[in-house]
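Note sheet for the following structure.
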Amino acid sequence: MFKFLKRSKPKRLSGTKNRDKGILVFESTSEVIRAENVLKSNGWRIRVMGPPPEIRTGCDLVIEFPLIEELNVLRVLEESGVAPLRAVPVHSALLEPVNLFQTKDFGEYLMIRAANMKLTVHKETMKIVNVSGGGCPDVPFLAQEMVGKLFSDAPSPRTIGHTLCGYALQLSYEEMRRQCSR
Amino acid sequence: MLAVVGTIPVEDFPLVSGEVRLENDTLSLEGRSLPVNRGTPALLAATIAAGRVLGNPPPFAYLVGDIGRGKGSRRLYEYLTKHLSKEVFRVVTFHYLLPDVDWHNRVLFAVEEMKSKPVLIADAGFMYAAKMSGQAGAYDLFTPDAGEMAFLADEEAPHPFYTRGFILHEENRVPELITRSYEHDNAARCLLVKGKRDYIANREGILATVDEPLVEALEPVGGTGDTVTGIVSALVASGMGVEEAALLAARVNRLAGLYANPTPATQVIGLIRHIPRAMAELLKGS
């Protein structure tokens, strides 16, 4: 039997705790309680806790949630009328979502990338021809639902995506819409 | 034998395991047909196409439906913790699963219980979880693209979406990102970084680069990273060393891409069809 895991176990337990968790910050405690009920009734494993010092901008309770599922969590809360003020990673609450875009012009086609997600359209018809990048399981699903459709007819990643990869694709989608409407 | 672990973008697709075959651009597993788009089906199709030239047996796959909600991924994680320790695989390639650190760690402990340690390859969501868990060093190969390389290099980022701006990649900074990822123990023993120029690297530095043929139109084509991971998995399963396999896989994928004569609207199956020809030519020339 090999021992590579046992050697590094202490580091994992101390250094990576909650690295895949996020925090939802709300305006008031009553919103925290409503959001907690909404999320628990939808099957998420969450917990209410005190906020870290760097994000004490809302009330003095926050909700810890699975960060990867941010897009889905935010959509459910918005639909329930309890959208949070902010959603941030637990491990480093001052991290911001990526806001840099890379645009590549292929002549007939335009590709826009946000973080790890790329969206490509045929410029004349505005048909979505490819979705690439990403690693969460909604990415192949988003590609399946969007590729081959006109930009105006395709569902947005915000409406059918679930993860941070879906969120990044939403940013590419919004930037594409912004650039192509000029 | 090679085992591939991943998801299918169909919510009610059941958890299945078994040998996968490829006929007429369609995968079949346990009596079910799967179209080859991007994601794990593209990886599997590429590994089968490459494996045919290498004389590999069909890969074994653990698949489940998941459209991003995570229920399927968690069922598969749980299944692996119960069954993986009894299996014997030369290579295990982990792919599109919802990143979940706790489940990732349980799966890795199940791997530890296997009679012989397989070569461990990770890409996509499972690679994200491996990095977040602090266990990247347990893996033999990660296959990030340049954007994911920036995520591996950012010791604070919990996902590529939160990669900090001062790290966020430009292609010419990849060597710097590789160094940083090793400094923070966030890289596998070997890296194959996919991009305009492909890099094969380890903790000692850059081992090789591949930048020809350069087919710009491949960048928007979804699944071309999945095919590289599939090809390198087939090569390692055939007995080739990880570093050598990574270099050859990068070359095969580029040559197959050239033969596909793609536009930005090409779908990945167009590349996969040319993998056997590219593989055969490069093996003959080496």
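Identifiers in this document derive from the order of the structure tokens: chains are assigned A, B, ..., residues are numbered from 1 separately in each chain, and ligands are numbered from 1 in order of occurrence.
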
**Request:** Please identify every residue of chain A that has at least one atom no more than 8 Å from any atom of chain B, counting only C-alpha atoms, and report them as a ChimeraX atom specification.
**Result:** /A:1-5,8,11-12,15-16,19-20,68-69,72,89,91-92,95-100,106,109,111,115-116,118-120,122,129-141,144,161-165,167-168

**Request:** Give me the residues within 9 Å of Lys149 of chain A as a PyMOL selection string, counting only C-alpha atoms and dropping any in the same chain fewer than 6 places off.
**Result:** chain A and resi 126-129

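With only C-alpha atoms as the atoms that count, the minimum distance from Ile112 of chain A to the choices A:Trp44, A:Phe26, A:Phe65, A:Tyr173 is reached by A:Tyr173.
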
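Coordinates place atom CA of Leu247 of chain B at a distance of 7.8 Å from atom CA of Thr209 of chain B.
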
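Between Cys190 of chain B and the candidates B:Ala234, B:Val88, B:Leu258, B:Val119, the tightest atom-to-atom separation, counting only C-alpha atoms, involves B:Val119.
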